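> Can you keep this structure in mind? I'll have questions shortly.
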Amino acid sequence: MVTTRDLEAHFEFECRACENGHCRKADVETILSERKGLKEFYEAFKEHIKECKRMTYGQYMFVIDREVLPEAVLWWHNHPEFKETHLSTAVGTDERPLNGKFVYMPFLNVQVEPQNMDENYWVFLKAYMPADDPSFPSVAAKLPAALWIEREVKDLLGFNPVGHPDPRRLILPEDWPEGVYPLRKDMDYRHSPMAEVKTEFKEKPEGTTLVPMGPVHMGIEEPAHFRLFVKGEEIVDVDYRGFYSHRGIEKTGEGRLTYNQVLFLAERICGICGYQHSVSYAMAVERLADVEIPDRARYIRTLMLELERIHNHLLWVGIAAHLVGYDTGFMHAWRIREPVMWLVERLTGNRKQYGMNIVGGVRRDILDYRKEEILKVVKQIREETKKFIDIALNTNTFIKRAEGVGILPYKIAKAYSVLGPTARASGRRIDTRLDQATKTAMAYNEVDFKVPVYKEGDVLARVLVRMDELFESLWIVEQLIDQMPGGDIMVPIGDLPEYEEALGFTEAHRGEVVHYVMTGEKNKVYRWKVRAPTYNNLPAVPEMLKGYHVADAPLIIASIDPCYSCTERVQFVDVETGKVKVLTEAEFNELSIKYRGVF
Amino acid sequence: MAESLSYTEKLKKWNRFEVEKFSKKAPVTTPYPFIDIEKPPEYRGIPHINPEKCIGCGACVNACPPDALILEWDKKRGVKRLTFNAARCIRCHRCVEVCPTGAMEPTNIFEIATDNKEDLVEVVEHKLAYCEECGEYLDFTERQIEYVKAILPKEIIDMYALEDRIGLTQEAKMRKTVEKLRETEGNAYPAFILVKKGGEE
Amino acid sequence: METTAKLAFSFIGVLLTFLLPPYLDGIARRVKARLQYRRGPPLMQTWYDLNKLFSLPSVKPTKSALFTWAPYLALASAVIGALLLPYGNVVPIDIGFNLVVFFYVILMVSVFLMLAGLTVQNAFSHLGSAREMQIILTVEPLIAILYGVLAYNAGSLNISDIIANLHLTPSLVMTYVLLAYALYVESGFMPFDIAEAEQEVIGGPLSEYSGRLLGVFYYAIYIKRFALLWFFVSLLVLPWVGPINTTLKAAEVLAVQFLLTVALYPVIASLEATNARLRIDHVVKMNTRAFFAGIVILAIAFMGW
Ligand code: SF4
Ligand code: SF4
């Protein structure tokens, strides 16, 4: 029997999501025997594990020594049995106001058995670091998936990943001074320092020319800067500099938002997959509040998520066609998509940014007369999309551009923790909808659908994966309408427990979205970390670009369906507890007068 | 907002010759903004404050995620100002949901482009209740007090003698309680306990 | 024919050269729009666009005079190219070996475009110019061979003579087919608009151009497209209508030329709308293949078939 310090304290809550009913006061033995692999890990790292606990259903945390972080992450990542396990992302937190320490916490999506949400789980590896030496051994040297994650905590919190192969600045702008870390709790959100501009670009390899794609480029919808080093038209090497849309909303939002207001901000992280973020966030808070949301709400959420996936896939295929100059495909894809937008507008009140969610359920019910409308639209979309795909895939020039281009082999996809359709086109069999316990917030466990997987790994495979998924989504929508249970659509949420953590997740049309929430005092959020799928997919793009034509670059970049603002804009919203600092209109005007001409 | 035409609406008044000709056999695209486009009844447009119904309670202000609604007190003039700024509004209709009197009215207007920023702002001023006793303004508006009186059952109003006490400031209320207790109990308690009791109400 | 009639026809030719090309583009835009279920812009839209561009000043990123002159030179080449062609039976500029001149002036439009791209320090311009060059280098030999077949068939280097003397052989039919492809590529229609691909190289050689100079370049490109199409249409129509010796007949022929040009443009537009842009290596491959086919045709022509 293992004793851990806070064991009693941490298991006072009831986890109603658990299949076997209530499991109050689980002891360490029980926790470790709940899922496959936990025990094994515990045995392997016994001396270094300080504490272990279950945060909520299917989410386990080990507090371990920072020295063994790389080994621990790699232990999970390279586990021979859990093939599709990947490093999801990591959270850095400034917990100095609580216990005088910094926290660095990578977490992994452990896949014991593909598409079995009751077997798979999340593992959090929490490492405390003293306030005067926030450093940890870097994982990135061995696992490229950690490259960005570690650069990010270095930028925003001043952690030092010892041995990082590429410790350049990632998120903060070029004119941000050294040694100022915006996400530390002692940094005032109104503080906006400036220093000399310092750019750190990769050296140009011998004998190549630089083609700067971006920060503003026709083929990239948002600001992003790909520096292509080319020989003739062939891409030899690529450097990426992004995060131009990082606006540090975290600091402006400090202390003002309640957990329900954050929800609306979460929805606005992305222009087209906002509902996924909203559901993920709501899911995390619901897990923390330990409430079970009504079945009808789960069904409505799933319905909206799938409708969103349908129109997003159509949007993407349109853009892909546009980028190879096939504008007819573009126009038709978007024309087919339009009825979904109208439908969604009628269901929720808006084409995008549905505002449908509330922590604890949904805000609008699906009335019966609307069901017929949904079925009508589904039928129409199915027919038209079939026709469209028929035409597009028979357009010789389109296929010529997409086939065999931008190949991402399975190995690289796994090493970079690539997610979503990009990963599935490279043969990774992952889909968060089925892999992890989404059943507390969504109804994916009650519908039947397939997860298309292709092995080719090229752009065409990515098109096909998305199109197959689209039809699966249409089928899911039909099932949901058919099975929709009655009942309430929301439950009230009580007070949130203090300083608890949980993860919310969904599968957006680009891949797994995760929202990590740590509560603070008085129903506020102490730490909120959002990781959009593009964050994992984008670092793999340079790998896809190498060896192909400059002409293919826009298509290859677009083939992961990148969303730069998802990835960058609201990297963190970190709402400090207690201190209420509202920037009033007057103060704001003052600031803008002061900085007139600067902004 | 209501009186002035939004920019897009002005465009619609501009009779372009294509409109007639094209709207007959329109494929997919329409000559928007020269024509009106269909808005489903469910659409959440910018809300609008009905000054007749609003009581100035501020429930909407607390719920509004992006601070599109602001509440300000002007104790000198004795007014409470509720400002709605459509430019900040994200059209979530949280305010409509929480408004106790239905003063926040949903609309399906979405075209708010304008050449004058002032058009986007709606201001509703409420008179604050005035406490005769201490000659100061309360935090509440007169309407709020009326509303409270209207919705509370008679028994409760009687029980707490709200009829004449609701319009007082906090201090005046405490003082009254103290006085009342002094009267009934004959100065039996030390003052601080009385004050505390008064405060609890 | 009398001189007045000749003058009148030349005048019509000049008018067509200057006024028609933007309208043709307007037709193409409309057709594409309809294929995409859109309403599409008015037919005058290309003119409106050009008009707007002409009225805007240009930003000049370089001191190079070529940068400023290239659009005008390209325009002049395109106009001359168009005027070397027969309108009815009248050739506005007749200098004996029109076919060779036509070949060169039309080539000059591309060359000026390419050179203009090289005058500026811009990776995309250079990429675009390089692509333009690759296209020129692969498609022009093909065109030269095909022109050679025509000249050999008719025994002349003058366009009007060629047209008058062509006689139908299997090689001529094949030449027509290949010529349609080659002229389509040279016109830079989708899927061959690789040099100016917006999504890839932000307009290629045109990426640094703006305002009036850009407008002039566009105008030159439209006229060049018109000239190539008019040339092809003339080859299609004129040889088979018999000798044109009355003004009326010439007018009829001109009308047919005009109508066929206008009718072929929507076909081109639909081809454009239903294709994705190719990559430069695809085009080079295709052109090389076509070149060898051209050589075969030339051999066949020499054998007298
Ligand atoms: S909630 Fe309604 S009544 Fe209260 S201030 Fe807002 S609009 Fe007025
Ligand atoms: S609709 Fe939403 S954003 Fe607009 S005023 Fe109401 S609560 Fe605020």
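Chains: A, B, ... in order of the structure tokens. Residues: from 1 per chain. Ligands: from 1, in order shown.
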Where in region 164-213 of chain C does DSSP assign alpha helix (DSSP H), given as an NGL selection string?
:C and (164-165 or 170-187 or 198-201 or 211-213)
> Please list as JSON, numbers by chain every residue within 10 Å of Leu260 (chain C), counting only C-alpha atoms and excluding residues in the same chain fewer than 4 positions away.
{"C": [229, 230, 233, 234, 236, 237, 254, 255, 256, 264, 265]}
> Find the residues of chain C in contact range of chain B, meaning any atom within 9 Å when counting only C-alpha atoms, and list them as a PyMOL selection string.
chain C and resi 34+36-40
> Pick out the chain B residues within 10 Å of chain A. Count only C-alpha atoms. Give them as a CSV table (one decimal) with C-alpha atoms, in the first residue's frame.

```
chain,number,residue,atom,x,y,z
B,28,VAL,CA,-26.9,32.1,-55.8
B,29,THR,CA,-25.4,35.5,-55.2
B,39,LYS,CA,-33.2,36.9,-41.6
B,40,PRO,CA,-34.6,33.9,-39.9
B,41,PRO,CA,-36.8,34.8,-36.9
B,42,GLU,CA,-34.4,32.9,-34.7
B,43,TYR,CA,-31.5,35.1,-35.5
B,44,ARG,CA,-29.9,36.8,-32.6
B,45,GLY,CA,-29.3,40.4,-33.6
B,62,ASN,CA,-23.2,41.3,-14.8
B,63,ALA,CA,-24.0,38.7,-17.5
B,64,CYS,CA,-22.6,40.5,-20.5
B,65,PRO,CA,-19.3,38.8,-21.4
B,66,PRO,CA,-17.6,41.6,-23.4
B,67,ASP,CA,-18.7,44.6,-21.4
B,70,ILE,CA,-21.9,49.4,-18.6
B,90,ILE,CA,-21.2,39.9,-29.5
B,91,ARG,CA,-24.9,39.2,-29.8
B,92,CYS,CA,-25.0,36.4,-27.4
B,93,HIS,CA,-28.3,37.5,-25.8
B,94,ARG,CA,-27.2,36.6,-22.3
B,97,GLU,CA,-32.0,35.9,-20.8
B,108,ASN,CA,-32.7,40.6,-35.6
```
> Compute the chain A side of the contact with chain C at 7 Å, counting only C-alpha atoms, and hand it back as a count of residues only.
17
> Can you tell me which residues sit at most 10 Å away from ligand 1, counting only C-alpha atoms and all ligand atoms, written as JSON, numbers by chain?
{"B": [47, 48, 49, 50, 51, 52, 53, 54, 55, 56, 57, 58, 59, 60, 61, 62, 63, 64, 69, 70, 71, 80, 81, 82, 83, 84, 94, 95, 96, 97, 98, 99, 100, 101, 102, 103, 104, 105, 124, 126, 143, 144, 147]}
> In Å, with one decimal, what is the gap from CA of Leu367 (chain A) to CA of Cys270 (chain A)?
27.6 Å
> Can you measure CA of His515 (chain A) to CA of Pro177 (chain A) for me? One decimal in Å is fine.
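Rounded to one decimal, the two atoms are 29.0 Å apart.
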> Mind pulling up the distance from CA of His246 (chain A) to CA of Lys198 (chain A)?
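We find that CA of Lys198 (chain A) and CA of His246 (chain A) lie 17.5 Å from each other.
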> Give me the residues near Thr519 (chain A) as a ChimeraX atom specification, where near means some atom within 7 Å (using only C-alpha atoms) and where sequence neighbours in that chain fewer than 2 positions away do not count.
/A:498-501,517,521,523-527
> Produce a file of the selected residues containing all heavy atoms, as a CSV table (one decimal), in the first residue's frame.

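For reference, part_31.csv as written:
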```
chain,number,residue,atom,x,y,z
A,498,GLU,N,-12.1,24.6,-5.1
A,498,GLU,CA,-10.9,25.4,-5.4
A,498,GLU,C,-9.7,24.6,-5.8
A,498,GLU,O,-9.4,23.6,-5.2
A,498,GLU,CB,-10.6,26.2,-4.1
A,498,GLU,CG,-11.7,27.3,-3.9
A,498,GLU,CD,-11.5,28.1,-2.6
A,498,GLU,OE1,-10.5,27.9,-2.0
A,498,GLU,OE2,-12.4,28.9,-2.3
A,499,TYR,N,-8.9,25.2,-6.6
A,499,TYR,CA,-7.6,24.7,-7.1
A,499,TYR,C,-7.7,23.2,-7.5
A,499,TYR,O,-6.9,22.4,-7.1
A,499,TYR,CB,-6.5,24.9,-6.0
A,499,TYR,CG,-6.4,26.3,-5.7
A,499,TYR,CD1,-6.8,26.8,-4.4
A,499,TYR,CD2,-5.9,27.2,-6.6
A,499,TYR,CE1,-6.7,28.2,-4.2
A,499,TYR,CE2,-5.9,28.6,-6.4
A,499,TYR,CZ,-6.3,29.1,-5.2
A,499,TYR,OH,-6.2,30.4,-4.9
A,500,GLU,N,-8.7,22.9,-8.2
A,500,GLU,CA,-8.8,21.6,-8.8
A,500,GLU,C,-8.5,21.7,-10.3
A,500,GLU,O,-8.7,22.8,-10.9
A,500,GLU,CB,-10.2,21.0,-8.6
A,500,GLU,CG,-10.5,20.5,-7.2
A,500,GLU,CD,-9.7,19.2,-6.9
A,500,GLU,OE1,-9.2,18.6,-7.8
A,500,GLU,OE2,-9.6,18.9,-5.7
A,501,GLU,N,-8.1,20.6,-10.9
A,501,GLU,CA,-7.8,20.7,-12.3
A,501,GLU,C,-8.6,19.6,-13.1
A,501,GLU,O,-8.9,18.6,-12.6
A,501,GLU,CB,-6.3,20.4,-12.6
A,501,GLU,CG,-5.4,21.3,-11.9
A,501,GLU,CD,-4.2,20.6,-11.4
A,501,GLU,OE1,-3.2,20.6,-12.2
A,501,GLU,OE2,-4.1,20.1,-10.3
A,517,VAL,N,-8.4,23.4,-17.4
A,517,VAL,CA,-8.9,24.4,-16.5
A,517,VAL,C,-8.4,24.1,-15.1
A,517,VAL,O,-8.6,23.0,-14.6
A,517,VAL,CB,-10.4,24.5,-16.6
A,517,VAL,CG1,-10.9,25.5,-15.6
A,517,VAL,CG2,-10.9,24.9,-18.0
A,521,GLU,N,-10.1,30.6,-6.5
A,521,GLU,CA,-11.1,30.9,-5.5
A,521,GLU,C,-12.3,31.6,-6.1
A,521,GLU,O,-12.2,32.1,-7.2
A,521,GLU,CB,-10.5,31.9,-4.4
A,521,GLU,CG,-9.5,31.2,-3.5
A,521,GLU,CD,-8.5,32.2,-2.9
A,521,GLU,OE1,-8.7,33.4,-3.2
A,521,GLU,OE2,-7.6,31.7,-2.2
A,523,ASN,N,-15.1,30.8,-7.6
A,523,ASN,CA,-15.6,30.4,-8.9
A,523,ASN,C,-14.9,31.0,-10.0
A,523,ASN,O,-15.5,31.2,-11.1
A,523,ASN,CB,-17.1,30.7,-9.0
A,523,ASN,CG,-17.9,29.8,-8.1
A,523,ASN,OD1,-17.5,28.7,-7.9
A,523,ASN,ND2,-19.1,30.2,-7.7
A,524,LYS,N,-13.7,31.4,-9.8
A,524,LYS,CA,-12.9,32.0,-10.9
A,524,LYS,C,-12.0,30.9,-11.4
A,524,LYS,O,-11.8,29.9,-10.8
A,524,LYS,CB,-12.2,33.2,-10.5
A,524,LYS,CG,-13.1,34.3,-10.0
A,524,LYS,CD,-13.2,35.4,-11.0
A,524,LYS,CE,-14.4,36.3,-10.7
A,524,LYS,NZ,-14.1,37.7,-10.6
A,525,VAL,N,-11.4,31.3,-12.6
A,525,VAL,CA,-10.4,30.3,-13.2
A,525,VAL,C,-9.0,30.8,-12.9
A,525,VAL,O,-8.7,31.9,-13.1
A,525,VAL,CB,-10.7,30.3,-14.7
A,525,VAL,CG1,-9.7,29.3,-15.3
A,525,VAL,CG2,-12.1,29.8,-14.9
A,526,TYR,N,-8.2,29.9,-12.3
A,526,TYR,CA,-6.8,30.3,-12.0
A,526,TYR,C,-5.9,30.1,-13.2
A,526,TYR,O,-5.1,30.9,-13.5
A,526,TYR,CB,-6.3,29.4,-10.9
A,526,TYR,CG,-5.0,29.8,-10.4
A,526,TYR,CD1,-4.8,30.8,-9.4
A,526,TYR,CD2,-3.8,29.1,-10.8
A,526,TYR,CE1,-3.6,31.2,-9.0
A,526,TYR,CE2,-2.6,29.5,-10.3
A,526,TYR,CZ,-2.5,30.5,-9.4
A,526,TYR,OH,-1.2,30.9,-9.0
A,527,ARG,N,-6.2,29.1,-14.0
A,527,ARG,CA,-5.4,28.8,-15.1
A,527,ARG,C,-6.2,28.1,-16.2
A,527,ARG,O,-7.0,27.2,-15.9
A,527,ARG,CB,-4.2,27.9,-14.7
A,527,ARG,CG,-3.3,27.6,-15.8
A,527,ARG,CD,-2.3,28.7,-16.0
A,527,ARG,NE,-1.2,28.4,-16.8
A,527,ARG,CZ,-1.2,28.5,-18.1
A,527,ARG,NH1,-2.3,28.9,-18.7
A,527,ARG,NH2,-0.2,28.1,-18.9
```
> Pick the closest to ligand 2 from B:Lys117, B:Phe110, B:Glu38, B:Glu9: which is it, counting only C-alpha atoms and all ligand atoms?
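With only C-alpha atoms and all ligand atoms as the atom set, the closest residue is B:Phe110.
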> Considering only C-alpha atoms and all ligand atoms, state which residue in the set B:Cys131, B:Ile46, B:Ile112, B:Leu181 is at the smallest distance from ligand 2.
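So, comparing all the options, the nearest one is B:Ile46.
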> Can you tell me which residues surround region 310-320 of chain A at a distance of at most 8 Å, considering only C-alpha atoms, apart from same-chain residues fewer than 4 positions away, and format the answer as a ChimeraX atom specification?
/A:272-273,306,324,329-334,336-338,340-341,463,466-467,470,473-474,509,555,558-559,561
> When you look at Ala129 (chain B) with a cut-off of 9 Å (counting only C-alpha atoms), what residues show up, excluding the ones that are within fewer than 2 positions of it in the same chain? I need them as a PyMOL selection string.
chain B and resi 78-79+127+131+136-145+167-168
> For the residues in the current selection, export N, CA and C atoms as a CSV table (one decimal), in the first residue's frame.

```csv
chain,number,residue,atom,x,y,z
B,78,GLY,N,-28.0,62.2,-9.0
B,78,GLY,CA,-29.0,61.3,-8.7
B,78,GLY,C,-29.5,60.4,-9.8
B,79,VAL,N,-28.5,60.0,-10.7
B,79,VAL,CA,-28.9,59.1,-11.7
B,79,VAL,C,-28.0,57.9,-11.8
B,127,LYS,N,-33.6,57.5,-12.5
B,127,LYS,CA,-33.5,58.3,-11.3
B,127,LYS,C,-33.2,57.4,-10.1
B,131,CYS,N,-33.2,59.2,-0.3
B,131,CYS,CA,-33.5,58.9,1.1
B,131,CYS,C,-33.8,60.3,1.8
B,136,GLU,N,-29.5,61.6,1.0
B,136,GLU,CA,-28.6,61.1,0.0
B,136,GLU,C,-29.3,60.2,-1.0
B,137,TYR,N,-28.6,59.9,-2.1
B,137,TYR,CA,-29.2,59.0,-3.0
B,137,TYR,C,-28.9,57.6,-2.7
B,138,LEU,N,-29.8,56.7,-3.0
B,138,LEU,CA,-29.5,55.3,-2.7
B,138,LEU,C,-28.8,54.7,-3.9
B,139,ASP,N,-28.4,53.4,-3.8
B,139,ASP,CA,-27.8,52.7,-4.9
B,139,ASP,C,-28.8,52.3,-5.9
B,140,PHE,N,-30.1,52.2,-5.4
B,140,PHE,CA,-31.1,51.7,-6.3
B,140,PHE,C,-31.9,52.8,-7.0
B,141,THR,N,-32.5,52.4,-8.0
B,141,THR,CA,-33.4,53.3,-8.7
B,141,THR,C,-34.8,53.3,-8.2
B,142,GLU,N,-35.5,54.3,-8.4
B,142,GLU,CA,-36.9,54.4,-8.0
B,142,GLU,C,-37.7,53.2,-8.5
B,143,ARG,N,-37.4,52.9,-9.8
B,143,ARG,CA,-38.1,51.8,-10.4
B,143,ARG,C,-37.8,50.5,-9.8
B,144,GLN,N,-36.6,50.3,-9.4
B,144,GLN,CA,-36.2,49.1,-8.8
B,144,GLN,C,-37.0,48.8,-7.6
B,145,ILE,N,-37.2,49.9,-6.8
B,145,ILE,CA,-37.9,49.8,-5.6
B,145,ILE,C,-39.4,49.5,-5.8
B,167,GLY,N,-37.0,52.6,1.0
B,167,GLY,CA,-36.5,53.8,0.3
B,167,GLY,C,-35.4,54.5,1.1
B,168,LEU,N,-34.8,53.8,2.1
B,168,LEU,CA,-33.8,54.4,2.9
B,168,LEU,C,-32.4,53.9,2.6
```
> When DSSP is applied to the backbone of this structure, which of region 9-194 of chain B are assigned strand (DSSP E)? Write them out as number ranges by chain.
B: 48-49, 69-74, 79-85, 104-105, 121-131, 136-141
